[in-house]
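Engineer: Below is the file final_16.cif, with mmCIF, N, CA and C atoms.
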data_start
loop_
_atom_site.label_atom_id
_atom_site.label_comp_id
_atom_site.auth_asym_id
_atom_site.auth_seq_id
_atom_site.Cartn_x
_atom_site.Cartn_y
_atom_site.Cartn_z
N ALA A 175 55.14 69.80 38.67
CA ALA A 175 55.96 70.77 37.99
C ALA A 175 56.79 70.09 36.90
N ARG A 176 57.22 68.87 37.17
CA ARG A 176 58.04 68.16 36.18
C ARG A 176 57.25 67.86 34.92
N LEU A 177 55.94 67.64 35.07
CA LEU A 177 55.11 67.35 33.90
C LEU A 177 55.12 68.52 32.92
N ILE A 178 54.98 69.72 33.44
CA ILE A 178 54.91 70.90 32.57
C ILE A 178 56.25 71.14 31.87
N ILE A 179 57.33 70.93 32.57
CA ILE A 179 58.65 71.16 31.98
C ILE A 179 58.93 70.18 30.86
N GLN A 180 58.51 68.93 31.03
CA GLN A 180 58.83 67.89 30.06
C GLN A 180 57.87 67.85 28.88
N MET A 181 56.78 68.60 28.92
CA MET A 181 55.80 68.56 27.84
C MET A 181 56.37 69.16 26.56
N ASP A 182 55.92 68.63 25.44
CA ASP A 182 56.30 69.18 24.15
C ASP A 182 55.31 70.30 23.82
N TRP A 183 55.80 71.51 23.69
CA TRP A 183 54.94 72.68 23.53
C TRP A 183 54.58 72.97 22.07
N LYS A 184 55.24 72.30 21.12
CA LYS A 184 54.98 72.60 19.71
C LYS A 184 53.51 72.42 19.31
N PRO A 185 52.84 71.33 19.71
CA PRO A 185 51.43 71.20 19.32
C PRO A 185 50.55 72.33 19.87
N PHE A 186 50.86 72.81 21.08
CA PHE A 186 50.08 73.89 21.64
C PHE A 186 50.29 75.19 20.86
N VAL A 187 51.52 75.43 20.47
CA VAL A 187 51.82 76.63 19.68
C VAL A 187 51.07 76.57 18.36
N TRP A 188 51.08 75.41 17.69
CA TRP A 188 50.36 75.27 16.44
C TRP A 188 48.86 75.37 16.65
N GLY A 189 48.38 74.89 17.77
CA GLY A 189 46.96 75.02 18.09
C GLY A 189 46.55 76.47 18.25
N PHE A 190 47.39 77.25 18.96
CA PHE A 190 47.11 78.68 19.09
C PHE A 190 47.19 79.38 17.74
N CYS A 191 48.12 78.96 16.90
CA CYS A 191 48.20 79.54 15.55
C CYS A 191 46.92 79.26 14.76
N LEU A 192 46.42 78.03 14.86
CA LEU A 192 45.18 77.68 14.18
C LEU A 192 44.02 78.51 14.70
N MET A 193 43.94 78.64 16.02
CA MET A 193 42.86 79.41 16.62
C MET A 193 42.93 80.88 16.20
N PHE A 194 44.13 81.44 16.22
CA PHE A 194 44.28 82.84 15.83
C PHE A 194 43.98 83.04 14.35
N THR A 195 44.43 82.11 13.51
CA THR A 195 44.19 82.23 12.06
C THR A 195 42.71 82.20 11.74
N LEU A 196 41.98 81.26 12.34
CA LEU A 196 40.53 81.20 12.10
C LEU A 196 39.84 82.48 12.57
N SER A 197 40.25 82.96 13.74
CA SER A 197 39.65 84.19 14.27
C SER A 197 40.01 85.38 13.38
N TYR A 198 41.23 85.42 12.92
CA TYR A 198 41.68 86.51 12.05
C TYR A 198 40.89 86.54 10.75
N LEU A 199 40.73 85.37 10.13
CA LEU A 199 39.99 85.30 8.86
C LEU A 199 38.54 85.73 9.05
N PHE A 200 37.91 85.25 10.10
CA PHE A 200 36.52 85.64 10.35
C PHE A 200 36.43 87.13 10.67
N ALA A 201 37.41 87.66 11.42
CA ALA A 201 37.41 89.08 11.75
C ALA A 201 37.54 89.94 10.49
N VAL A 202 38.30 89.48 9.51
CA VAL A 202 38.42 90.21 8.24
C VAL A 202 37.06 90.30 7.55
N VAL A 203 36.36 89.18 7.50
CA VAL A 203 35.04 89.16 6.85
C VAL A 203 34.07 90.08 7.60
N VAL A 204 34.06 89.99 8.92
CA VAL A 204 33.15 90.81 9.71
C VAL A 204 33.51 92.28 9.60
N ALA A 205 34.78 92.61 9.72
CA ALA A 205 35.21 94.01 9.66
C ALA A 205 34.88 94.63 8.30
N GLU A 206 35.04 93.86 7.24
CA GLU A 206 34.69 94.38 5.90
C GLU A 206 33.20 94.68 5.80
N SER A 207 32.39 93.76 6.26
CA SER A 207 30.93 93.96 6.20
C SER A 207 30.49 95.11 7.09
N VAL A 208 31.08 95.21 8.27
CA VAL A 208 30.72 96.28 9.21
C VAL A 208 31.14 97.63 8.66
N SER A 209 32.33 97.72 8.10
CA SER A 209 32.78 99.01 7.57
C SER A 209 31.90 99.46 6.42
N GLU A 210 31.48 98.51 5.60
CA GLU A 210 30.54 98.84 4.51
C GLU A 210 29.22 99.35 5.08
N TRP A 211 28.72 98.69 6.10
CA TRP A 211 27.45 99.09 6.71
C TRP A 211 27.57 100.45 7.38
N LEU A 212 28.70 100.70 8.07
CA LEU A 212 28.89 102.00 8.73
C LEU A 212 28.96 103.15 7.73
N LEU A 213 29.51 102.89 6.55
CA LEU A 213 29.56 103.93 5.52
C LEU A 213 28.18 104.31 5.02
N HIS A 214 27.29 103.31 4.93
CA HIS A 214 25.98 103.55 4.34
C HIS A 214 24.87 103.75 5.35
N SER A 215 25.11 103.52 6.62
CA SER A 215 24.05 103.72 7.62
C SER A 215 24.03 105.18 8.05
N GLY A 216 22.89 105.58 8.53
CA GLY A 216 22.77 106.96 9.00
C GLY A 216 23.32 107.12 10.40
N ASP A 217 23.64 108.36 10.77
CA ASP A 217 24.18 108.63 12.10
C ASP A 217 23.15 108.42 13.20
N GLU A 218 21.87 108.46 12.85
CA GLU A 218 20.81 108.31 13.84
C GLU A 218 20.44 106.85 14.09
N ASP A 219 21.05 105.93 13.41
CA ASP A 219 20.74 104.51 13.59
C ASP A 219 21.09 104.10 15.03
N PRO A 220 20.10 103.56 15.78
CA PRO A 220 20.35 103.20 17.19
C PRO A 220 21.39 102.08 17.35
N LEU A 221 21.58 101.29 16.33
CA LEU A 221 22.52 100.18 16.39
C LEU A 221 23.96 100.63 16.16
N ARG A 222 24.10 101.83 15.61
CA ARG A 222 25.43 102.31 15.21
C ARG A 222 26.43 102.34 16.38
N ASN A 223 26.00 102.83 17.56
CA ASN A 223 26.92 102.92 18.70
C ASN A 223 27.41 101.54 19.14
N THR A 224 26.50 100.57 19.18
CA THR A 224 26.89 99.21 19.57
C THR A 224 27.85 98.61 18.55
N VAL A 225 27.54 98.82 17.27
CA VAL A 225 28.41 98.27 16.22
C VAL A 225 29.79 98.91 16.28
N GLU A 226 29.84 100.21 16.46
CA GLU A 226 31.14 100.89 16.55
C GLU A 226 31.92 100.46 17.78
N LYS A 227 31.20 100.19 18.87
CA LYS A 227 31.86 99.75 20.10
C LYS A 227 32.51 98.38 19.93
N HIS A 228 31.76 97.43 19.36
CA HIS A 228 32.27 96.06 19.23
C HIS A 228 33.09 95.85 17.96
N TYR A 229 32.69 96.48 16.88
CA TYR A 229 33.29 96.18 15.58
C TYR A 229 33.83 97.41 14.87
N GLY A 230 34.10 98.47 15.61
CA GLY A 230 34.53 99.73 15.01
C GLY A 230 35.92 99.71 14.39
N SER A 231 36.77 98.82 14.88
CA SER A 231 38.10 98.69 14.31
C SER A 231 38.43 97.21 14.20
N PHE A 232 39.45 96.92 13.41
CA PHE A 232 39.81 95.51 13.25
C PHE A 232 40.28 94.88 14.56
N PRO A 233 41.13 95.56 15.35
CA PRO A 233 41.52 94.95 16.63
C PRO A 233 40.34 94.70 17.57
N SER A 234 39.39 95.62 17.61
CA SER A 234 38.23 95.40 18.48
C SER A 234 37.37 94.26 17.96
N THR A 235 37.27 94.11 16.65
CA THR A 235 36.53 92.98 16.07
C THR A 235 37.20 91.67 16.42
N LEU A 236 38.51 91.61 16.26
CA LEU A 236 39.25 90.39 16.60
C LEU A 236 39.13 90.09 18.09
N TYR A 237 39.20 91.11 18.92
CA TYR A 237 39.09 90.93 20.36
C TYR A 237 37.72 90.38 20.74
N ILE A 238 36.67 90.93 20.20
CA ILE A 238 35.32 90.49 20.57
C ILE A 238 35.06 89.07 20.07
N LEU A 239 35.64 88.71 18.95
CA LEU A 239 35.49 87.34 18.44
C LEU A 239 36.25 86.35 19.30
N MET A 240 37.44 86.73 19.75
CA MET A 240 38.19 85.86 20.66
C MET A 240 37.46 85.72 21.99
N LEU A 241 36.86 86.79 22.47
CA LEU A 241 36.06 86.71 23.68
C LEU A 241 34.89 85.75 23.50
N ALA A 242 34.24 85.83 22.37
CA ALA A 242 33.09 84.96 22.11
C ALA A 242 33.52 83.50 22.06
N SER A 243 34.63 83.22 21.42
CA SER A 243 35.07 81.83 21.30
C SER A 243 35.57 81.27 22.63
N ALA A 244 36.01 82.12 23.53
CA ALA A 244 36.50 81.68 24.84
C ALA A 244 35.42 81.84 25.92
N HIS A 245 34.20 82.10 25.52
CA HIS A 245 33.05 82.26 26.43
C HIS A 245 33.22 83.46 27.36
N GLY A 246 33.91 84.48 26.89
CA GLY A 246 34.09 85.68 27.69
C GLY A 246 33.04 86.74 27.41
N ALA A 247 32.22 86.50 26.41
CA ALA A 247 31.15 87.44 26.07
C ALA A 247 29.96 86.63 25.58
N SER A 248 28.78 87.18 25.78
CA SER A 248 27.55 86.49 25.38
C SER A 248 27.45 86.45 23.86
N TRP A 249 27.20 85.26 23.35
CA TRP A 249 27.10 85.10 21.90
C TRP A 249 25.92 85.88 21.32
N SER A 250 24.81 85.93 22.05
CA SER A 250 23.64 86.64 21.52
C SER A 250 23.90 88.13 21.41
N GLU A 251 24.60 88.69 22.41
CA GLU A 251 24.91 90.13 22.35
C GLU A 251 25.84 90.45 21.19
N ILE A 252 26.73 89.53 20.88
CA ILE A 252 27.69 89.76 19.81
C ILE A 252 27.06 89.52 18.44
N SER A 253 26.19 88.53 18.35
CA SER A 253 25.65 88.17 17.04
C SER A 253 24.47 89.04 16.61
N GLU A 254 23.73 89.61 17.54
CA GLU A 254 22.56 90.43 17.17
C GLU A 254 22.91 91.58 16.23
N PRO A 255 23.92 92.39 16.54
CA PRO A 255 24.27 93.46 15.58
C PRO A 255 24.71 92.91 14.22
N LEU A 256 25.39 91.77 14.24
CA LEU A 256 25.85 91.20 12.97
C LEU A 256 24.67 90.77 12.11
N LYS A 257 23.66 90.17 12.73
CA LYS A 257 22.48 89.73 11.96
C LYS A 257 21.72 90.91 11.38
N THR A 258 21.77 92.03 12.09
CA THR A 258 21.10 93.23 11.59
C THR A 258 21.87 93.85 10.43
N ILE A 259 23.18 93.79 10.50
CA ILE A 259 24.02 94.36 9.45
C ILE A 259 23.84 93.61 8.15
N ASN A 260 23.92 92.27 8.22
CA ASN A 260 23.77 91.45 7.02
C ASN A 260 23.25 90.09 7.45
N TRP A 261 22.29 89.58 6.74
CA TRP A 261 21.63 88.33 7.14
C TRP A 261 22.60 87.15 7.22
N TRP A 262 23.61 87.11 6.37
CA TRP A 262 24.50 85.95 6.33
C TRP A 262 25.58 85.99 7.41
N LEU A 263 25.77 87.12 8.10
CA LEU A 263 26.75 87.17 9.18
C LEU A 263 26.32 86.35 10.39
N GLY A 264 25.02 86.22 10.62
CA GLY A 264 24.51 85.40 11.73
C GLY A 264 24.90 83.93 11.57
N PRO A 265 24.56 83.30 10.44
CA PRO A 265 24.97 81.89 10.25
C PRO A 265 26.49 81.71 10.21
N ILE A 266 27.22 82.67 9.67
CA ILE A 266 28.68 82.55 9.64
C ILE A 266 29.24 82.65 11.06
N PHE A 267 28.66 83.54 11.87
CA PHE A 267 29.09 83.64 13.27
C PHE A 267 28.81 82.33 14.00
N PHE A 268 27.65 81.75 13.77
CA PHE A 268 27.31 80.47 14.38
C PHE A 268 28.32 79.39 13.95
N PHE A 269 28.65 79.36 12.68
CA PHE A 269 29.64 78.41 12.17
C PHE A 269 31.00 78.63 12.83
N TYR A 270 31.40 79.89 12.94
CA TYR A 270 32.67 80.22 13.58
C TYR A 270 32.71 79.71 15.02
N ILE A 271 31.65 79.96 15.77
CA ILE A 271 31.60 79.53 17.17
C ILE A 271 31.63 78.01 17.25
N MET A 272 30.90 77.33 16.38
CA MET A 272 30.88 75.86 16.41
C MET A 272 32.27 75.30 16.08
N VAL A 273 32.92 75.86 15.08
CA VAL A 273 34.26 75.37 14.72
C VAL A 273 35.23 75.62 15.86
N MET A 274 35.18 76.81 16.44
CA MET A 274 36.10 77.14 17.52
C MET A 274 35.86 76.26 18.75
N ASN A 275 34.61 76.03 19.10
CA ASN A 275 34.32 75.28 20.31
C ASN A 275 34.41 73.78 20.10
N LEU A 276 33.89 73.28 19.02
CA LEU A 276 33.88 71.84 18.81
C LEU A 276 35.20 71.31 18.28
N ALA A 277 35.87 72.07 17.48
CA ALA A 277 37.10 71.57 16.87
C ALA A 277 38.34 72.07 17.61
N VAL A 278 38.57 73.34 17.59
CA VAL A 278 39.83 73.89 18.08
C VAL A 278 40.00 73.68 19.58
N LEU A 279 38.99 73.99 20.37
CA LEU A 279 39.14 73.83 21.81
C LEU A 279 39.23 72.36 22.21
N ASN A 280 38.57 71.48 21.47
CA ASN A 280 38.71 70.04 21.73
C ASN A 280 40.10 69.55 21.34
N ILE A 281 40.67 70.15 20.32
CA ILE A 281 42.05 69.80 19.95
C ILE A 281 43.00 70.15 21.09
N PHE A 282 42.81 71.33 21.70
CA PHE A 282 43.64 71.70 22.84
C PHE A 282 43.49 70.72 23.99
N THR A 283 42.27 70.31 24.26
CA THR A 283 42.04 69.34 25.34
C THR A 283 42.73 68.02 25.02
N ALA A 284 42.60 67.56 23.80
CA ALA A 284 43.25 66.31 23.40
C ALA A 284 44.76 66.42 23.49
N LEU A 285 45.32 67.56 23.09
CA LEU A 285 46.77 67.76 23.18
C LEU A 285 47.24 67.73 24.63
N ALA A 286 46.48 68.35 25.51
CA ALA A 286 46.87 68.37 26.92
C ALA A 286 46.82 66.97 27.51
N VAL A 287 45.76 66.23 27.23
CA VAL A 287 45.65 64.86 27.74
C VAL A 287 46.76 63.99 27.18
N ASP A 288 47.04 64.13 25.90
CA ASP A 288 48.09 63.33 25.26
C ASP A 288 49.47 63.65 25.87
N ALA A 289 49.74 64.92 26.08
CA ALA A 289 51.04 65.30 26.65
C ALA A 289 51.19 64.77 28.07
N VAL A 290 50.14 64.88 28.86
CA VAL A 290 50.21 64.38 30.23
C VAL A 290 50.38 62.87 30.24
N THR A 291 49.71 62.17 29.32
CA THR A 291 49.83 60.71 29.23
C THR A 291 51.26 60.31 28.88
N HIS A 292 51.85 60.99 27.91
CA HIS A 292 53.23 60.67 27.52
C HIS A 292 54.21 60.91 28.67
N VAL A 293 54.06 62.02 29.36
CA VAL A 293 54.95 62.33 30.47
C VAL A 293 54.72 61.34 31.61
N SER A 294 53.47 60.98 31.85
CA SER A 294 53.17 60.00 32.89
C SER A 294 53.80 58.64 32.57
N ASN A 295 53.70 58.22 31.31
CA ASN A 295 54.34 56.96 30.90
C ASN A 295 55.86 57.03 31.07
N PHE A 296 56.43 58.17 30.73
CA PHE A 296 57.87 58.36 30.89
C PHE A 296 58.26 58.27 32.37
N ASP A 297 57.46 58.92 33.22
CA ASP A 297 57.73 58.86 34.66
C ASP A 297 57.64 57.42 35.17
N ARG A 298 56.64 56.69 34.70
CA ARG A 298 56.49 55.29 35.11
C ARG A 298 57.70 54.47 34.68
N THR A 299 58.16 54.69 33.47
CA THR A 299 59.35 53.98 32.98
C THR A 299 60.57 54.33 33.83
N LEU A 300 60.73 55.59 34.19
CA LEU A 300 61.85 56.00 35.04
C LEU A 300 61.77 55.32 36.40
N GLN A 301 60.57 55.25 36.96
CA GLN A 301 60.42 54.62 38.26
C GLN A 301 60.77 53.13 38.20
N VAL A 302 60.31 52.45 37.14
CA VAL A 302 60.63 51.04 36.98
C VAL A 302 62.14 50.85 36.81
N SER A 303 62.78 51.72 36.03
CA SER A 303 64.23 51.63 35.82
C SER A 303 64.98 51.85 37.12
N GLU A 304 64.56 52.84 37.90
CA GLU A 304 65.22 53.11 39.17
C GLU A 304 65.04 51.94 40.14
N THR A 305 63.86 51.34 40.16
CA THR A 305 63.61 50.18 41.02
C THR A 305 64.48 49.01 40.60
N ALA A 306 64.58 48.77 39.30
CA ALA A 306 65.40 47.67 38.79
C ALA A 306 66.87 47.92 39.12
N LEU A 307 67.30 49.16 39.03
CA LEU A 307 68.69 49.50 39.35
C LEU A 307 68.97 49.26 40.83
N GLN A 308 68.05 49.64 41.69
CA GLN A 308 68.22 49.42 43.13
C GLN A 308 68.25 47.93 43.45
N GLU A 309 67.35 47.16 42.80
CA GLU A 309 67.35 45.71 43.02
C GLU A 309 68.65 45.09 42.53
N GLY A 310 69.18 45.57 41.42
CA GLY A 310 70.46 45.10 40.91
C GLY A 310 71.59 45.38 41.89
N ARG A 311 71.56 46.55 42.52
CA ARG A 311 72.59 46.89 43.51
C ARG A 311 72.49 45.97 44.74
N VAL A 312 71.25 45.67 45.15
CA VAL A 312 71.07 44.76 46.30
C VAL A 312 71.62 43.39 45.96
N ILE A 313 71.29 42.88 44.78
CA ILE A 313 71.77 41.57 44.36
C ILE A 313 73.30 41.58 44.25
N GLU A 314 73.85 42.69 43.71
CA GLU A 314 75.30 42.81 43.60
C GLU A 314 75.96 42.77 44.97
N CYS A 315 75.37 43.45 45.93
CA CYS A 315 75.92 43.45 47.29
C CYS A 315 75.85 42.05 47.91
N GLN A 316 74.82 41.28 47.57
CA GLN A 316 74.69 39.93 48.11
C GLN A 316 75.64 38.95 47.42
N LEU A 317 75.85 39.13 46.12
CA LEU A 317 76.69 38.20 45.38
C LEU A 317 78.19 38.53 45.47
N LYS A 318 78.53 39.78 45.71
CA LYS A 318 79.92 40.20 45.74
C LYS A 318 80.73 39.40 46.76
N PRO A 319 80.24 39.22 47.99
CA PRO A 319 81.02 38.42 48.95
C PRO A 319 81.19 36.97 48.51
N LEU A 320 80.21 36.40 47.81
CA LEU A 320 80.32 35.02 47.33
C LEU A 320 81.44 34.89 46.31
N PHE A 321 81.52 35.86 45.41
CA PHE A 321 82.57 35.81 44.39
C PHE A 321 83.94 36.08 44.99
N GLU A 322 83.99 36.92 45.99
CA GLU A 322 85.27 37.20 46.64
C GLU A 322 85.80 35.98 47.40
N GLN A 323 84.88 35.16 47.92
CA GLN A 323 85.29 33.95 48.64
C GLN A 323 85.79 32.87 47.67
N ALA A 324 85.27 32.86 46.47
CA ALA A 324 85.61 31.80 45.52
C ALA A 324 86.91 32.00 44.85
#
What would the structure in this file look like if it were written as structure tokens?
Structural biologist:
Amino acid sequence: ARLIIQMDWKPFVWGFCLMFTLSYLFAVVVAESVSEWLLHSGDEDPLRNTVEKHYGSFPSTLYILMLASAHGASWSEISEPLKTINWWLGPIFFFYIMVMNLAVLNIFTALAVDAVTHVSNFDRTLQVSETALQEGRVIECQLKPLFEQA
């Protein structure tokens, strides 16, 4: 419990900001392309219901992208409608997933390991200091009678 309290949370907050910003920017691109496609597609298009379900609004687009980056939804199910809407959305989705998984999530892992290492080193230093203080008190108790006799 002491490790969590002593951790510096600023890097994690900035990491979440980075993750949200990347997801937000990609969601803007996807939502724009989807809204254009929905305007020009026919009502009988079998893909329309799936697209409206996942990408019908900006919040739902952002939500489904965050799910994909956190492995909460299948990438193939999410990317198939995008590839049908526009050919370049498939490679951009792949790039988004790679950046989120290889870069951002690894940054979070590195931040967590670094924070735990710093707190662990601090705890070790505290333990050494407390041991030295106790040894000093023992020595003081042993030497005090000698000085009092002299």
Engineer: Can you tell me how far atom CA of A:Ser207 sits from atom N of A:Pro220, in Å to one decimal?
Structural biologist: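 Between these atoms lies a distance of 17.4 Å.
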Engineer: Which of these residues is nearest to A:Ala277, using only C-alpha atoms: A:Thr291, A:Ser243, A:Asn260, A:Ser248?
Structural biologist: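 Nearest candidate to A:Ala277 out of A:Thr291, A:Ser243, A:Asn260, A:Ser248: A:Ser243.
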Engineer: Could the residues of stretch 225-293 of chain A that have an atom at most 10 Å from stretch 191-199 of chain A be listed as CSV, each with its closest atom pair and the distance in Å to one decimal, counting only C-alpha atoms and ordered by chain and ascending residue number?
Structural biologist:
residue,atom,partner,partner_atom,distance
A:Phe232,CA,A:Tyr198,CA,9.3
A:Pro233,CA,A:Tyr198,CA,9.6
A:Thr235,CA,A:Tyr198,CA,9.2
A:Leu236,CA,A:Tyr198,CA,6.5
A:Tyr237,CA,A:Ser197,CA,9.1
A:Ile238,CA,A:Ser197,CA,9.9
A:Leu239,CA,A:Ser197,CA,6.7
A:Met240,CA,A:Ser197,CA,6.8
A:Ser243,CA,A:Ser197,CA,8.7
A:Tyr270,CA,A:Leu196,CA,8.1
A:Ile271,CA,A:Ser197,CA,9.7
A:Val273,CA,A:Leu196,CA,9.0
A:Met274,CA,A:Met193,CA,7.2
A:Ala277,CA,A:Met193,CA,9.7
A:Val278,CA,A:Met193,CA,6.5
A:Leu279,CA,A:Met193,CA,8.5
A:Phe282,CA,A:Met193,CA,9.9
Engineer: Taking the DSSP secondary structure from the backbone, can you list the residues of stretch 186-322 of chain A that are alpha helix (DSSP H), as number ranges by chain?
Structural biologist: A: 186-214, 222-229, 232-243, 249-259, 263-272, 279-322
Engineer: Could you list, as a ChimeraX atom specification, every residue within 7 Å of A:Leu285, counting only N, CA and C atoms and ignoring same-chain residues fewer than 4 positions away?
Structural biologist: /A:185-186,280-281,289-290
Engineer: Those residues you just picked out, can you put them in a file as a PDB file, in the frame of the given file with N, CA and C atoms?
Structural biologist:
ATOM      1  N   PRO A 185      52.840  71.330  19.710  1.00  0.00           N
ATOM      2  CA  PRO A 185      51.430  71.200  19.320  1.00  0.00           C
ATOM      3  C   PRO A 185      50.550  72.330  19.870  1.00  0.00           C
ATOM      4  N   PHE A 186      50.860  72.810  21.080  1.00  0.00           N
ATOM      5  CA  PHE A 186      50.080  73.890  21.640  1.00  0.00           C
ATOM      6  C   PHE A 186      50.290  75.190  20.860  1.00  0.00           C
ATOM      7  N   ASN A 280      38.570  71.480  21.470  1.00  0.00           N
ATOM      8  CA  ASN A 280      38.710  70.040  21.730  1.00  0.00           C
ATOM      9  C   ASN A 280      40.100  69.550  21.340  1.00  0.00           C
ATOM     10  N   ILE A 281      40.670  70.150  20.320  1.00  0.00           N
ATOM     11  CA  ILE A 281      42.050  69.800  19.950  1.00  0.00           C
ATOM     12  C   ILE A 281      43.000  70.150  21.090  1.00  0.00           C
ATOM     13  N   ALA A 289      49.740  64.920  26.080  1.00  0.00           N
ATOM     14  CA  ALA A 289      51.040  65.300  26.650  1.00  0.00           C
ATOM     15  C   ALA A 289      51.190  64.770  28.070  1.00  0.00           C
ATOM     16  N   VAL A 290      50.140  64.880  28.860  1.00  0.00           N
ATOM     17  CA  VAL A 290      50.210  64.380  30.230  1.00  0.00           C
ATOM     18  C   VAL A 290      50.380  62.870  30.240  1.00  0.00           C
TER      19      VAL A 290
END
Engineer: Just want the 10 Å neighbourhood of A:Ser253, counted on only C-alpha atoms, with same-chain residues fewer than 3 positions away dropped. Output as a list in words.
Structural biologist: Leu239, Ala242, Ser248, Trp249, Ser250, Leu256, Lys257, Thr258, Ile259, Leu263, Gly264, Pro265, Ile266, Phe267 and Phe268 of chain A
Engineer: Include N, CA and C atoms and write out the residues we just selected as a CSV table (one decimal), in the frame of the given file.
Structural biologist:
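again-v5.csv, written as the output of this step:
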chain,number,residue,atom,x,y,z
A,239,LEU,N,35.6,88.7,19.0
A,239,LEU,CA,35.5,87.3,18.4
A,239,LEU,C,36.2,86.4,19.3
A,242,ALA,N,34.2,85.8,22.4
A,242,ALA,CA,33.1,85.0,22.1
A,242,ALA,C,33.5,83.5,22.1
A,248,SER,N,28.8,87.2,25.8
A,248,SER,CA,27.6,86.5,25.4
A,248,SER,C,27.4,86.4,23.9
A,249,TRP,N,27.2,85.3,23.4
A,249,TRP,CA,27.1,85.1,21.9
A,249,TRP,C,25.9,85.9,21.3
A,250,SER,N,24.8,85.9,22.0
A,250,SER,CA,23.6,86.6,21.5
A,250,SER,C,23.9,88.1,21.4
A,256,LEU,N,25.4,91.8,14.2
A,256,LEU,CA,25.8,91.2,13.0
A,256,LEU,C,24.7,90.8,12.1
A,257,LYS,N,23.7,90.2,12.7
A,257,LYS,CA,22.5,89.7,12.0
A,257,LYS,C,21.7,90.9,11.4
A,258,THR,N,21.8,92.0,12.1
A,258,THR,CA,21.1,93.2,11.6
A,258,THR,C,21.9,93.8,10.4
A,259,ILE,N,23.2,93.8,10.5
A,259,ILE,CA,24.0,94.4,9.4
A,259,ILE,C,23.8,93.6,8.2
A,263,LEU,N,25.8,87.1,8.1
A,263,LEU,CA,26.8,87.2,9.2
A,263,LEU,C,26.3,86.4,10.4
A,264,GLY,N,25.0,86.2,10.6
A,264,GLY,CA,24.5,85.4,11.7
A,264,GLY,C,24.9,83.9,11.6
A,265,PRO,N,24.6,83.3,10.4
A,265,PRO,CA,25.0,81.9,10.2
A,265,PRO,C,26.5,81.7,10.2
A,266,ILE,N,27.2,82.7,9.7
A,266,ILE,CA,28.7,82.6,9.6
A,266,ILE,C,29.2,82.6,11.1
A,267,PHE,N,28.7,83.5,11.9
A,267,PHE,CA,29.1,83.6,13.3
A,267,PHE,C,28.8,82.3,14.0
A,268,PHE,N,27.6,81.8,13.8
A,268,PHE,CA,27.3,80.5,14.4
A,268,PHE,C,28.3,79.4,14.0
Engineer: Of the candidates A:Asp288, A:Glu314, A:His228, A:Trp188, which shows the shortest atom-to-atom distance to A:Val204, using only C-alpha atoms?
Structural biologist: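 Counting only C-alpha atoms, the residue closest to A:Val204 is A:His228.
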Engineer: What gap, in Å, lies between atom CA of A:Gly230 and atom N of A:Ala201?
Structural biologist: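 We find that atom CA of A:Gly230 and atom N of A:Ala201 lie 12.9 Å from each other.
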Engineer: Would you compute the distance between atom N of A:Asn295 and atom C of A:Trp183? Give it in Å to one decimal.
Structural biologist: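 Straight-line distance from atom N of A:Asn295 to atom C of A:Trp183 works out to 17.4 Å.
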Engineer: With the input short on atoms, add N, CA, C and O atoms back to stretch 312-320 of chain A and write it as an mmCIF file, keeping the file's coordinate frame.
Structural biologist:
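In the end it all went to result14.cif:
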data_model
loop_
_atom_site.group_PDB
_atom_site.id
_atom_site.type_symbol
_atom_site.label_atom_id
_atom_site.label_comp_id
_atom_site.auth_asym_id
_atom_site.auth_seq_id
_atom_site.Cartn_x
_atom_site.Cartn_y
_atom_site.Cartn_z
ATOM 1 N N VAL A 312 71.250 45.670 45.150
ATOM 2 C CA VAL A 312 71.070 44.760 46.300
ATOM 3 C C VAL A 312 71.620 43.390 45.960
ATOM 4 O O VAL A 312 72.341 42.770 46.762
ATOM 5 N N ILE A 313 71.290 42.880 44.780
ATOM 6 C CA ILE A 313 71.770 41.570 44.360
ATOM 7 C C ILE A 313 73.300 41.580 44.250
ATOM 8 O O ILE A 313 73.980 40.644 44.667
ATOM 9 N N GLU A 314 73.850 42.690 43.710
ATOM 10 C CA GLU A 314 75.300 42.810 43.600
ATOM 11 C C GLU A 314 75.960 42.770 44.970
ATOM 12 O O GLU A 314 76.982 42.093 45.169
ATOM 13 N N CYS A 315 75.370 43.450 45.930
ATOM 14 C CA CYS A 315 75.920 43.450 47.290
ATOM 15 C C CYS A 315 75.850 42.050 47.910
ATOM 16 O O CYS A 315 76.722 41.670 48.702
ATOM 17 N N GLN A 316 74.820 41.280 47.570
ATOM 18 C CA GLN A 316 74.690 39.930 48.110
ATOM 19 C C GLN A 316 75.640 38.950 47.420
ATOM 20 O O GLN A 316 76.163 38.036 48.050
ATOM 21 N N LEU A 317 75.850 39.130 46.120
ATOM 22 C CA LEU A 317 76.690 38.200 45.380
ATOM 23 C C LEU A 317 78.190 38.530 45.470
ATOM 24 O O LEU A 317 79.033 37.643 45.308
ATOM 25 N N LYS A 318 78.530 39.780 45.710
ATOM 26 C CA LYS A 318 79.920 40.200 45.740
ATOM 27 C C LYS A 318 80.730 39.400 46.760
ATOM 28 O O LYS A 318 81.826 38.920 46.464
ATOM 29 N N PRO A 319 80.240 39.220 47.990
ATOM 30 C CA PRO A 319 81.020 38.420 48.950
ATOM 31 C C PRO A 319 81.190 36.970 48.510
ATOM 32 O O PRO A 319 82.244 36.368 48.748
ATOM 33 N N LEU A 320 80.210 36.400 47.810
ATOM 34 C CA LEU A 320 80.320 35.020 47.330
ATOM 35 C C LEU A 320 81.440 34.890 46.310
ATOM 36 O O LEU A 320 82.210 33.923 46.323
#
